[in-house]
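File shown: model_1.cif (mmCIF, C-alpha atoms and all ligand atoms).
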```
data_query
#
loop_
_atom_site.label_atom_id
_atom_site.label_comp_id
_atom_site.auth_asym_id
_atom_site.auth_seq_id
_atom_site.Cartn_x
_atom_site.Cartn_y
_atom_site.Cartn_z
CA MET J 1 -217.83 110.86 -4.83
CA SER J 2 -220.60 111.50 -7.28
CA LYS J 3 -221.08 115.23 -7.12
CA SER J 4 -221.09 115.09 -10.91
CA PRO J 5 -224.32 115.20 -12.95
CA ALA J 6 -223.86 111.43 -13.55
CA SER J 7 -225.46 110.74 -10.17
CA ALA J 8 -228.83 111.63 -11.71
CA SER J 9 -228.66 108.47 -13.90
CA PRO J 10 -232.03 106.61 -13.89
CA THR J 11 -230.58 103.26 -15.07
CA ALA J 12 -229.66 101.71 -11.71
CA ARG J 13 -232.84 99.58 -11.63
CA TYR J 14 -232.00 97.68 -14.86
CA ARG J 15 -230.36 94.25 -15.05
CA PRO J 16 -226.52 94.12 -15.18
CA GLU J 17 -226.25 93.68 -18.99
CA THR J 18 -228.36 96.81 -19.54
CA ARG J 19 -226.46 98.78 -16.93
CA LEU J 20 -223.17 97.82 -18.63
CA VAL J 21 -224.34 99.49 -21.85
CA HIS J 22 -226.27 102.52 -20.55
CA SER J 23 -225.36 103.46 -16.96
CA GLY J 24 -223.58 106.75 -16.47
CA SER J 25 -223.91 108.02 -20.06
CA LEU J 26 -223.79 111.84 -20.21
CA ARG J 27 -224.88 112.92 -23.68
CA SER J 28 -223.61 116.31 -24.84
CA GLN J 29 -225.57 118.88 -26.84
CA TYR J 30 -224.53 117.00 -30.03
CA GLY J 31 -226.54 113.87 -29.20
CA GLU J 32 -223.68 111.44 -29.88
CA THR J 33 -224.49 107.68 -29.72
CA SER J 34 -221.15 106.67 -28.23
CA GLU J 35 -219.87 108.35 -25.07
CA ALA J 36 -217.67 111.39 -25.72
CA LEU J 37 -214.01 111.50 -24.75
CA PHE J 38 -213.37 114.72 -22.81
CA LEU J 39 -209.60 114.89 -23.17
CA THR J 40 -209.16 118.03 -21.08
CA GLN J 41 -207.05 118.85 -18.03
CA GLY J 42 -209.23 121.66 -16.82
CA TYR J 43 -212.36 123.75 -17.30
CA VAL J 44 -213.17 127.43 -17.84
CA TYR J 45 -215.79 129.43 -16.00
CA ASP J 46 -218.38 131.95 -17.20
CA SER J 47 -217.51 134.37 -14.41
CA ALA J 48 -215.29 134.82 -11.39
CA GLU J 49 -218.41 134.31 -9.26
CA GLN J 50 -219.11 130.92 -10.88
CA CYS J 51 -215.49 129.91 -10.36
CA GLU J 52 -215.69 130.88 -6.70
CA ALA J 53 -218.96 128.96 -6.25
CA ARG J 54 -217.46 125.87 -7.85
CA PHE J 55 -214.45 125.90 -5.54
CA LYS J 56 -216.80 126.30 -2.58
CA GLY J 57 -218.74 123.23 -3.76
CA GLU J 58 -221.89 125.31 -4.32
CA ASP J 59 -221.87 124.80 -8.12
CA PRO J 60 -221.81 121.14 -9.25
CA GLY J 61 -219.53 121.47 -12.32
CA TYR J 62 -215.98 120.27 -12.89
CA ILE J 63 -212.80 122.01 -11.64
CA TYR J 64 -209.76 120.00 -12.68
CA SER J 65 -209.30 116.51 -14.10
CA ARG J 66 -207.21 115.33 -11.16
CA TYR J 67 -210.49 115.74 -9.22
CA SER J 68 -212.90 114.55 -11.90
CA ASN J 69 -213.85 114.75 -15.56
CA PRO J 70 -217.07 113.94 -17.48
CA THR J 71 -215.58 110.83 -19.17
CA ILE J 72 -214.19 109.61 -15.83
CA SER J 73 -217.58 110.28 -14.18
CA MET J 74 -219.30 108.15 -16.84
CA PHE J 75 -216.92 105.24 -16.19
CA GLU J 76 -217.27 105.59 -12.41
CA ARG J 77 -221.06 105.81 -12.57
CA ARG J 78 -221.25 102.70 -14.77
CA MET J 79 -219.08 100.78 -12.29
CA ILE J 80 -221.07 102.07 -9.29
CA GLU J 81 -224.36 100.92 -10.81
CA LEU J 82 -222.95 97.59 -12.01
CA GLU J 83 -221.62 96.77 -8.54
CA GLY J 84 -224.63 98.15 -6.66
CA ALA J 85 -222.36 100.51 -4.70
CA GLU J 86 -223.30 103.97 -3.47
CA ALA J 87 -220.16 105.70 -4.66
CA GLY J 88 -216.80 105.05 -6.27
CA ARG J 89 -213.63 106.52 -7.69
CA SER J 90 -211.44 105.30 -10.51
CA THR J 91 -207.65 105.28 -10.45
CA ALA J 92 -204.72 105.08 -12.86
CA THR J 93 -204.06 101.40 -12.15
CA GLY J 94 -205.41 98.52 -10.10
CA MET J 95 -202.52 98.96 -7.67
CA ALA J 96 -203.42 102.64 -7.21
CA ALA J 97 -206.94 101.46 -6.27
CA VAL J 98 -205.63 98.81 -3.83
CA THR J 99 -203.04 101.14 -2.25
CA THR J 100 -205.52 104.03 -1.92
CA ALA J 101 -208.29 101.83 -0.47
CA ILE J 102 -205.92 100.31 2.09
CA LEU J 103 -203.74 103.31 2.96
CA ALA J 104 -206.07 106.33 2.78
CA PRO J 105 -208.26 105.46 5.83
CA LEU J 106 -205.34 104.39 8.08
CA LYS J 107 -202.84 106.09 10.35
CA ALA J 108 -199.76 105.03 12.32
CA GLY J 109 -200.77 102.66 15.11
CA ASP J 110 -203.52 100.93 13.10
CA HIS J 111 -203.46 97.25 12.15
CA VAL J 112 -204.50 95.31 9.04
CA VAL J 113 -205.27 91.60 8.63
CA ALA J 114 -204.96 90.10 5.14
CA SER J 115 -205.01 86.73 3.46
CA LYS J 116 -201.48 85.73 2.43
CA ALA J 117 -202.59 84.34 -0.94
CA MET J 118 -202.81 87.45 -3.09
CA PHE J 119 -201.41 89.32 -6.06
CA GLY J 120 -197.67 89.96 -5.47
CA SER J 121 -197.89 93.78 -5.40
CA CYS J 122 -200.89 93.72 -3.01
CA ARG J 123 -198.81 91.57 -0.68
CA TYR J 124 -195.94 94.09 -0.94
CA VAL J 125 -198.28 96.92 0.12
CA VAL J 126 -199.58 95.01 3.14
CA GLU J 127 -196.38 93.23 4.20
CA ASP J 128 -193.61 95.75 3.38
CA LEU J 129 -195.08 99.21 2.78
CA LEU J 130 -197.62 99.62 5.62
CA PRO J 131 -195.17 98.71 8.44
CA ARG J 132 -192.75 101.42 7.20
CA TYR J 133 -195.42 103.97 8.14
CA GLY J 134 -196.23 102.43 11.50
CA ILE J 135 -199.24 100.40 10.34
CA ALA J 136 -198.87 96.79 11.50
CA SER J 137 -200.12 93.90 9.39
CA THR J 138 -200.79 90.22 9.97
CA LEU J 139 -201.01 87.70 7.12
CA VAL J 140 -203.25 84.68 7.61
CA ASP J 141 -204.21 81.55 5.72
CA GLY J 142 -207.37 83.03 4.21
CA LEU J 143 -209.18 79.66 4.17
CA ASP J 144 -208.84 79.27 7.97
CA LEU J 145 -211.52 81.36 9.74
CA ASP J 146 -209.87 80.73 13.14
CA GLN J 147 -206.71 82.43 11.91
CA TRP J 148 -208.73 85.52 10.89
CA LYS J 149 -210.38 85.58 14.34
CA ARG J 150 -207.10 85.17 16.21
CA ALA J 151 -205.36 87.86 14.15
CA MET J 152 -207.88 90.58 15.03
CA ARG J 153 -206.61 93.21 17.51
CA PRO J 154 -208.36 96.18 19.16
CA ASN J 155 -206.60 98.48 16.63
CA THR J 156 -207.49 96.38 13.53
CA ARG J 157 -209.15 98.79 11.08
CA SER J 158 -209.16 96.86 7.78
CA CYS J 159 -209.22 93.29 6.55
CA PHE J 160 -208.17 92.61 2.97
CA LEU J 161 -208.66 89.59 0.74
CA GLU J 162 -208.80 88.43 -2.84
CA SER J 163 -211.15 85.62 -3.94
CA PRO J 164 -210.64 83.54 -5.97
CA THR J 165 -206.97 84.02 -5.14
CA ASN J 166 -204.13 84.56 -7.57
CA PRO J 167 -202.92 82.15 -8.85
CA THR J 168 -204.19 79.07 -7.02
CA LEU J 169 -207.91 79.99 -7.21
CA ASP J 170 -208.74 79.32 -3.55
CA VAL J 171 -212.23 80.58 -2.73
CA LEU J 172 -212.47 82.49 0.58
CA ASP J 173 -215.66 82.71 2.66
CA ILE J 174 -216.52 86.40 2.17
CA PRO J 175 -219.68 86.52 4.41
CA SER J 176 -217.91 84.82 7.35
CA ILE J 177 -214.76 86.97 7.04
CA ALA J 178 -216.93 90.12 6.77
CA GLU J 179 -218.64 89.10 10.01
CA ILE J 180 -215.29 88.56 11.78
CA ALA J 181 -214.09 91.97 10.55
CA HIS J 182 -217.28 93.74 11.63
CA GLN J 183 -217.29 92.08 15.07
CA GLY J 184 -213.79 93.52 15.54
CA GLY J 185 -214.86 96.97 14.38
CA ALA J 186 -212.95 96.69 11.07
CA ARG J 187 -213.99 96.99 7.44
CA LEU J 188 -213.52 94.28 4.78
CA ILE J 189 -211.91 95.28 1.48
CA VAL J 190 -212.22 92.71 -1.34
CA ASP J 191 -210.07 92.64 -4.49
CA ASN J 192 -212.65 91.18 -6.91
CA VAL J 193 -210.48 90.98 -10.04
CA PHE J 194 -210.50 87.21 -10.45
CA ALA J 195 -214.24 86.83 -9.88
CA THR J 196 -215.21 89.85 -12.03
CA PRO J 197 -218.33 91.91 -11.23
CA ILE J 198 -220.26 89.48 -13.45
CA TRP J 199 -219.77 86.43 -11.20
CA GLN J 200 -219.41 87.87 -7.69
CA SER J 201 -220.80 90.89 -5.79
CA PRO J 202 -218.75 91.28 -2.58
CA LEU J 203 -220.81 94.24 -1.25
CA ALA J 204 -223.95 92.06 -1.29
CA LEU J 205 -221.95 89.36 0.56
CA GLY J 206 -221.08 91.73 3.41
CA ALA J 207 -217.86 93.42 2.24
CA ASP J 208 -217.53 97.19 2.73
CA VAL J 209 -215.20 98.09 -0.13
CA VAL J 210 -214.55 96.45 -3.52
CA VAL J 211 -211.47 97.18 -5.64
CA TYR J 212 -210.72 96.24 -9.24
CA SER J 213 -207.80 96.30 -11.55
CA ALA J 214 -209.79 97.43 -14.62
CA THR J 215 -206.69 96.47 -16.60
CA LYS J 216 -207.95 92.88 -16.58
CA HIS J 217 -211.47 91.83 -17.71
CA ILE J 218 -212.94 95.37 -17.72
CA ASP J 219 -210.62 96.49 -20.52
CA GLY J 220 -210.23 92.88 -21.60
CA GLN J 221 -208.46 93.78 -24.80
CA GLY J 222 -204.95 94.54 -23.55
CA ARG J 223 -205.02 98.29 -24.17
CA CYS J 224 -204.73 100.24 -20.96
CA LEU J 225 -204.38 100.23 -17.18
CA GLY J 226 -207.00 101.35 -14.70
CA GLY J 227 -208.57 100.70 -11.31
CA VAL J 228 -211.76 101.35 -9.34
CA ILE J 229 -212.69 101.67 -5.65
CA LEU J 230 -216.40 101.09 -4.89
CA SER J 231 -218.09 101.51 -1.52
CA SER J 232 -220.58 103.54 0.50
CA GLU J 233 -221.02 107.28 0.03
CA ALA J 234 -219.60 107.73 3.56
CA PHE J 235 -216.40 105.71 2.95
CA ILE J 236 -215.63 107.45 -0.35
CA ALA J 237 -216.42 110.92 1.04
CA GLU J 238 -214.56 110.46 4.30
CA HIS J 239 -211.49 108.50 3.19
CA ILE J 240 -211.01 108.42 -0.58
CA HIS J 241 -212.26 111.67 -2.09
CA ASN J 242 -209.78 114.08 -0.54
CA PHE J 243 -206.85 111.63 -0.57
CA MET J 244 -207.26 111.21 -4.33
CA ARG J 245 -207.71 114.93 -4.98
CA GLN J 246 -204.56 115.83 -3.09
CA THR J 247 -202.24 112.91 -3.94
CA GLY J 248 -203.33 112.35 -7.56
CA PRO J 249 -203.56 108.62 -8.44
CA SER J 250 -206.22 109.76 -10.95
CA ILE J 251 -207.00 107.93 -14.19
CA SER J 252 -206.49 109.54 -17.61
CA PRO J 253 -209.80 110.45 -19.31
CA PHE J 254 -208.57 108.54 -22.35
CA ASN J 255 -208.11 105.32 -20.35
CA ALA J 256 -211.46 105.86 -18.60
CA TRP J 257 -213.09 106.12 -22.03
CA VAL J 258 -211.47 102.87 -23.23
CA LEU J 259 -212.63 101.12 -20.05
CA LEU J 260 -216.13 102.60 -20.36
CA LYS J 261 -216.43 101.09 -23.83
CA GLY J 262 -214.92 97.83 -22.50
CA LEU J 263 -217.76 97.57 -19.99
CA GLU J 264 -220.34 97.41 -22.80
CA THR J 265 -219.05 93.96 -23.80
CA LEU J 266 -217.93 92.75 -20.35
CA ALA J 267 -220.80 90.33 -19.66
CA VAL J 268 -220.61 88.79 -23.14
CA ARG J 269 -216.85 88.34 -22.94
CA VAL J 270 -216.73 86.99 -19.38
CA ARG J 271 -219.49 84.47 -20.12
CA ALA J 272 -217.72 83.18 -23.25
CA GLN J 273 -214.32 83.09 -21.54
CA THR J 274 -215.79 81.21 -18.55
CA GLU J 275 -217.38 78.58 -20.84
CA THR J 276 -214.01 78.10 -22.54
CA ALA J 277 -212.13 77.91 -19.21
CA ALA J 278 -214.58 75.22 -18.02
CA LYS J 279 -213.94 73.15 -21.19
CA VAL J 280 -210.17 73.55 -20.79
CA ALA J 281 -210.43 72.50 -17.12
CA ASP J 282 -212.42 69.38 -18.06
CA MET J 283 -209.79 68.42 -20.64
CA LEU J 284 -206.87 68.98 -18.25
CA ALA J 285 -208.60 67.09 -15.41
CA THR J 286 -208.06 63.75 -17.17
CA HIS J 287 -204.74 64.50 -18.88
CA PRO J 288 -201.89 62.21 -17.73
CA LYS J 289 -199.31 65.04 -17.71
CA ILE J 290 -201.33 67.16 -15.26
CA SER J 291 -200.78 66.39 -11.56
CA ARG J 292 -203.16 68.98 -10.05
CA LEU J 293 -206.11 70.97 -11.38
CA LEU J 294 -207.90 73.91 -9.73
CA TYR J 295 -211.05 75.30 -11.31
CA PRO J 296 -213.77 76.97 -9.20
CA GLY J 297 -216.52 75.78 -11.58
CA ARG J 298 -215.83 72.06 -11.01
CA GLU J 299 -217.22 69.72 -8.35
CA ASP J 300 -213.66 68.65 -7.42
CA HIS J 301 -212.64 72.22 -6.44
CA PRO J 302 -211.70 72.18 -2.71
CA GLN J 303 -214.30 74.90 -1.93
CA ALA J 304 -216.97 73.80 -4.44
CA ALA J 305 -219.83 74.32 -1.94
CA LEU J 306 -218.68 77.86 -1.16
CA VAL J 307 -218.40 78.66 -4.88
CA LYS J 308 -222.10 77.77 -5.27
CA LYS J 309 -222.99 79.99 -2.29
CA GLN J 310 -221.16 83.17 -3.17
CA MET J 311 -220.37 83.09 -6.92
CA ARG J 312 -222.73 82.99 -9.89
CA ALA J 313 -220.28 80.89 -11.97
CA GLY J 314 -216.70 79.59 -12.02
CA SER J 315 -213.90 81.63 -13.51
CA THR J 316 -212.17 82.65 -16.72
CA LEU J 317 -208.97 81.26 -15.16
CA VAL J 318 -207.68 77.72 -14.63
CA GLY J 319 -204.75 76.73 -12.40
CA PHE J 320 -202.83 73.50 -12.96
CA GLU J 321 -199.57 71.74 -12.31
CA VAL J 322 -197.64 70.25 -15.20
CA LYS J 323 -195.58 67.17 -14.32
CA GLY J 324 -191.80 67.58 -14.47
CA GLY J 325 -191.39 70.76 -12.39
CA LYS J 326 -190.10 73.98 -13.92
CA ALA J 327 -188.58 72.20 -16.94
CA GLY J 328 -191.88 70.46 -17.71
CA ALA J 329 -193.85 73.69 -17.32
CA PHE J 330 -191.41 75.63 -19.53
CA ARG J 331 -191.49 72.95 -22.28
CA PHE J 332 -195.30 73.19 -22.17
CA LEU J 333 -195.36 77.02 -22.30
CA ASN J 334 -192.81 77.13 -25.12
CA GLY J 335 -194.82 74.58 -27.09
CA LEU J 336 -198.02 76.67 -27.19
CA LYS J 337 -198.91 78.37 -30.47
CA ILE J 338 -202.20 80.18 -29.72
CA SER J 339 -202.08 80.89 -25.98
CA ARG J 340 -199.29 83.39 -25.36
CA ILE J 341 -196.88 83.63 -22.42
CA SER J 342 -197.79 86.75 -20.45
CA ASN J 343 -198.33 87.94 -16.88
CA ASN J 344 -201.69 89.54 -17.72
CA LEU J 345 -205.16 87.95 -17.51
CA GLY J 346 -208.77 88.50 -18.53
CA ASP J 347 -207.74 89.37 -22.10
CA SER J 348 -209.54 88.42 -25.31
CA LYS J 349 -206.30 86.58 -26.20
CA SER J 350 -205.65 83.45 -24.14
CA LEU J 351 -202.62 83.95 -21.88
CA VAL J 352 -200.50 81.59 -19.81
CA THR J 353 -198.36 82.53 -16.81
CA HIS J 354 -195.70 80.71 -14.81
CA PRO J 355 -196.27 82.38 -11.39
CA ALA J 356 -193.13 80.98 -9.67
CA THR J 357 -190.82 82.89 -12.06
CA THR J 358 -193.00 85.98 -12.69
CA THR J 359 -195.84 87.34 -10.53
CA HIS J 360 -194.66 85.51 -7.40
CA GLN J 361 -190.86 85.35 -7.98
CA ARG J 362 -190.35 88.00 -5.24
CA LEU J 363 -191.52 85.52 -2.57
CA ALA J 364 -189.11 83.14 -0.84
CA PRO J 365 -189.39 79.53 -2.09
CA GLU J 366 -190.93 78.51 1.28
CA ALA J 367 -193.60 81.25 0.99
CA ARG J 368 -194.44 80.06 -2.53
CA ALA J 369 -194.63 76.43 -1.38
CA GLU J 370 -196.98 77.46 1.44
CA LEU J 371 -199.29 79.03 -1.16
CA GLY J 372 -199.21 75.92 -3.37
CA ILE J 373 -197.26 77.68 -6.14
CA SER J 374 -195.01 74.85 -7.22
CA GLU J 375 -192.37 75.01 -9.95
CA GLY J 376 -194.73 73.22 -12.33
CA PHE J 377 -197.75 75.46 -11.62
CA VAL J 378 -199.32 77.31 -14.58
CA ARG J 379 -202.18 79.82 -14.69
CA PHE J 380 -204.31 79.83 -17.84
CA SER J 381 -206.51 82.82 -18.72
CA ALA J 382 -209.14 81.87 -21.30
CA GLY J 383 -209.60 84.29 -24.21
CA LEU J 384 -212.21 84.57 -26.91
CA GLU J 385 -210.68 82.12 -29.41
CA HIS J 386 -212.66 79.01 -30.42
CA PRO J 387 -212.38 76.59 -27.48
CA ASP J 388 -211.54 73.65 -29.76
CA ASP J 389 -208.52 75.50 -31.22
CA LEU J 390 -207.29 76.26 -27.71
CA ILE J 391 -207.78 72.69 -26.52
CA GLU J 392 -205.93 71.29 -29.57
CA ASP J 393 -203.09 73.75 -28.91
CA LEU J 394 -202.91 72.84 -25.20
CA HIS J 395 -202.95 69.11 -26.09
CA ALA J 396 -200.11 69.52 -28.59
CA ALA J 397 -197.98 71.48 -26.10
CA LEU J 398 -198.59 68.90 -23.35
CA GLU J 399 -197.34 66.18 -25.70
CA ARG J 400 -194.03 68.10 -25.79
CA ALA J 401 -193.92 68.77 -22.02
C1 LIG V 1 -203.45 92.85 -11.82
C2 LIG V 1 -203.98 92.82 -10.45
C3 LIG V 1 -203.82 93.91 -9.60
C4 LIG V 1 -203.06 95.15 -10.01
O1 LIG V 1 -203.63 95.82 -11.08
P1 LIG V 1 -202.81 96.77 -12.11
O2 LIG V 1 -203.88 97.35 -12.97
O3 LIG V 1 -201.84 95.90 -12.83
O4 LIG V 1 -202.11 97.80 -11.27
C5 LIG V 1 -204.35 93.83 -8.33
N1 LIG V 1 -204.99 92.71 -7.91
C6 LIG V 1 -205.16 91.65 -8.70
C7 LIG V 1 -205.88 90.45 -8.18
C8 LIG V 1 -204.67 91.66 -10.00
O5 LIG V 1 -204.82 90.59 -10.78
#
```
So that I can check it, write out the structure of this file as structure tokens.
Ligand SMILES: *Cc1c(COP(=O)(O)O)cnc(C)c1O
Amino acid sequence: MSKSPASASPTARYRPETRLVHSGSLRSQYGETSEALFLTQGYVYDSAEQCEARFKGEDPGYIYSRYSNPTISMFERRMIELEGAEAGRSTATGMAAVTTAILAPLKAGDHVVASKAMFGSCRYVVEDLLPRYGIASTLVDGLDLDQWKRAMRPNTRSCFLESPTNPTLDVLDIPSIAEIAHQGGARLIVDNVFATPIWQSPLALGADVVVYSATKHIDGQGRCLGGVILSSEAFIAEHIHNFMRQTGPSISPFNAWVLLKGLETLAVRVRAQTETAAKVADMLATHPKISRLLYPGREDHPQAALVKKQMRAGSTLVGFEVKGGKAGAFRFLNGLKISRISNNLGDSKSLVTHPATTTHQRLAPEARAELGISEGFVRFSAGLEHPDDLIEDLHAALERA
């Protein structure tokens, strides 16, 4: 909740690129150009009366960095204005953001509906963790609107989805799913990591809450973890503010500062990485050793019409299946010289992942097959290298596959 002085920021009316550089800046008495890093746990007060007033919420200053901090406020305000949200809170990791956004508003007896194609840890929270506390969950094929409708119950409080999905890049119909959720009296929470705030704005599409792992494109340079929850003033005040204050999934001011500086270059990086991903997808589409290609920016993507409706561009990620199963995929991964094997994404360095043995190894083979994660499936995250170098490297490794 923006009780901090950052809420006075006059930059919200600017275009996204300008907001990414200027929103939320709180300049100190020294007039620094770059945002200051307030690496402090707590704050001191001029008098006992001021301290009392601050604890009563009558004085707007800071109390303790588990609650908030000027550097964290700057990062939150920049994200709030970028997304066009009313309020938001940042967290230590993307998973802290997902878990807080899902868990904090619920109680035993509630029910959640979620798309089964999602980041492995998100699926753990919905499928394994919630039921242990008496919160039922139903997983649906996110592409099938009838399944969403049929899964809704009188006690359904939240729907959760990720689009494009990890790792198969399915694109889910956010406006239609938001309508189904709202008709059932539930809220829609969207994990927007794969789309990035540059290419998709879930709140404008009807979602109620957006979560990010800032670890991905927002940092984008492999340095630190972080997360953000963005929503209405009412949702953050009622459900998130106190939960975060008392349970402490708070972000470090240092990491918030790194992410704040990461935002300044986010649009430039995401645009360049998307152009590269599109070139890589076009090359792979005609390669004889590739049996399946999924790229949301191409006409042959299964939900190409929906991509045009709800996204401003494709993706920095490409999904594809290398012929020859796991052995073929491993020969390909081991043959790469520039793109590195990693489970991360959105980095300035191109990264490749084998989901079946890493991010999705926890799932039973049948569950993986249902999601289209075959043994030969590879996820490519385009970095900032020259696209021709990457394409030559991918070509050479495919020769060896
Ligand atoms: C990485 C990721 C997360 C988790 O974020 P962390 O910062 O690693 O905790 C959640 N959702 C998606 C889609 C992700 O890619």
Exercise for review: Could you give me the residues within 9 Å of ligand LIG 1 (chain V), counting only C-alpha atoms and all ligand atoms, as a ChimeraX atom specification?
Suggested key: /J:92-98,118-122,162-167,191-194,211-216,224-227,343-346
May I have a table of the residues of region 289-353 of chain J lying at most 7 Å from region 261-279 of chain J, giving each one's closest pair of atoms and their distance in Å to one decimal, counting all atoms listed in the file, ordered by chain and ascending residue number, as a Markdown table?
```
| residue | atom | partner | partner_atom | distance |
| --- | --- | --- | --- | --- |
| J:Gly297 | CA | J:Ala278 | CA | 6.7 |
| J:Gly314 | CA | J:Thr274 | CA | 6.8 |
| J:Ser315 | CA | J:Thr274 | CA | 5.4 |
| J:Thr316 | CA | J:Thr274 | CA | 4.3 |
| J:Leu317 | CA | J:Ala277 | CA | 6.1 |
| J:Val318 | CA | J:Ala277 | CA | 6.4 |
```
Take the residues from that selection and write them out as a PDB file, in the frame of the given file, keeping C-alpha atoms.
```
ATOM      1  CA  GLY J 297    -216.520  75.780 -11.580  1.00  0.00           C
ATOM      2  CA  GLY J 314    -216.700  79.590 -12.020  1.00  0.00           C
ATOM      3  CA  SER J 315    -213.900  81.630 -13.510  1.00  0.00           C
ATOM      4  CA  THR J 316    -212.170  82.650 -16.720  1.00  0.00           C
ATOM      5  CA  LEU J 317    -208.970  81.260 -15.160  1.00  0.00           C
ATOM      6  CA  VAL J 318    -207.680  77.720 -14.630  1.00  0.00           C
TER       7      VAL J 318
END
```
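Remark: for Ala369 (chain J), the closest of the candidate residues J:Pro355, J:Pro16, J:Leu394, J:Ile189 is J:Pro355 (distances computed over only C-alpha atoms).
When only C-alpha atoms are used to compute distances to Gln246 (chain J), the closest of the residues J:Leu259, J:Ala117, J:Ala104, J:Met311 turns out to be J:Ala104.
The space separating CA of Thr71 (chain J) from CA of Ser232 (chain J) comes to 21.6 Å.
Shortest atom-to-atom contact with Ser339 (chain J) among J:Ala305, J:Ala367, J:Ala401, J:Ala382: J:Ala382, counting all atoms listed in the file.
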Revision key, fill the gap. Judged by all atoms listed in the file, the minimum distance to Ser201 (chain J) among J:Ala327, J:Met79, J:Ile338, J:Leu371 is found for J:Met79
Exercise for review: Please indicate the distance in Å from CA of Gly325 (chain J) to CA of Glu375 (chain J), rounded to one decimal place.
Suggested key: 5.0 Å
Review point. If you count only C-alpha atoms, which residues fall within 8 Å of Glu385 (chain J), apart from same-chain ones fewer than 3 positions away, as a count of residues only?
Key: 5
Review point. Could you state the separation of CA of Thr286 (chain J) and CA of Glu321 (chain J) in Å, given to one decimal place?
Key: 12.6 Å
Practice item. Name the residues in contact with Ala397 (chain J) at a cut-off of 6 Å, using all atoms listed in the file, excluding same-chain residues fewer than 3 positions from it; report them as a ChimeraX atom specification. Key: /J:332,335-336,394,400
Exercise for review: Tell me which protein, DNA and RNA residues are within 7 Å of Ile236 (chain J), counting all atoms listed in the file, leaving out same-chain ones fewer than 4 positions away, and put them as an MDAnalysis selection string.
Suggested key: chainID J and resid 1 87:88 231:232 240:241
Please build the interface table for region 68-135 of chain J against region 146-158 of chain J with a cut-off of 6 Å, listing for each qualifying residue the nearest atom pair and the distance in Å to one decimal; count all atoms listed in the file, order rows by chain and increasing number, and write it as a tab-separated table.
```
residue	atom	partner	partner_atom	distance
J:Asp110	CA	J:Asn155	CA	5.3
J:His111	CA	J:Thr156	CA	4.3
J:Val112	CA	J:Ser158	CA	5.1
```
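Nearest to Pro387 (chain J) of all the residues J:Val125, J:Val280, J:Leu293, J:Ala12 is J:Val280, based on all atoms listed in the file.
Using all atoms listed in the file, the set of residues no farther than 6 Å from the position (-212.5, 104.9, -10.5) comprises J:Glu76, J:Arg89, J:Ser90, J:Thr91, J:Gly227, J:Val228, J:Ile229.
Minimum distance to Ser65 (chain J) across J:Trp199, J:Phe243, J:Phe254, J:Phe330 (counting all atoms listed in the file) occurs at J:Phe254.
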Review point. Near Glu127 (chain J), within 10 Å and counting all atoms listed in the file, which residues show up once chain neighbours fewer than 5 positions away are dropped, as an NGL selection string?
Key: :J and (112 or 114 or 116 or 121-122 or 132 or 135-139)
**Study point:** Distance query Val307 (chain J) at most 10 Å, only C-alpha atoms, self and fewer than 5 positions along chain excluded, as an NGL selection string
**Key:** :J and (164 or 170-173 or 200 or 296-299 or 301-302 or 312-314)
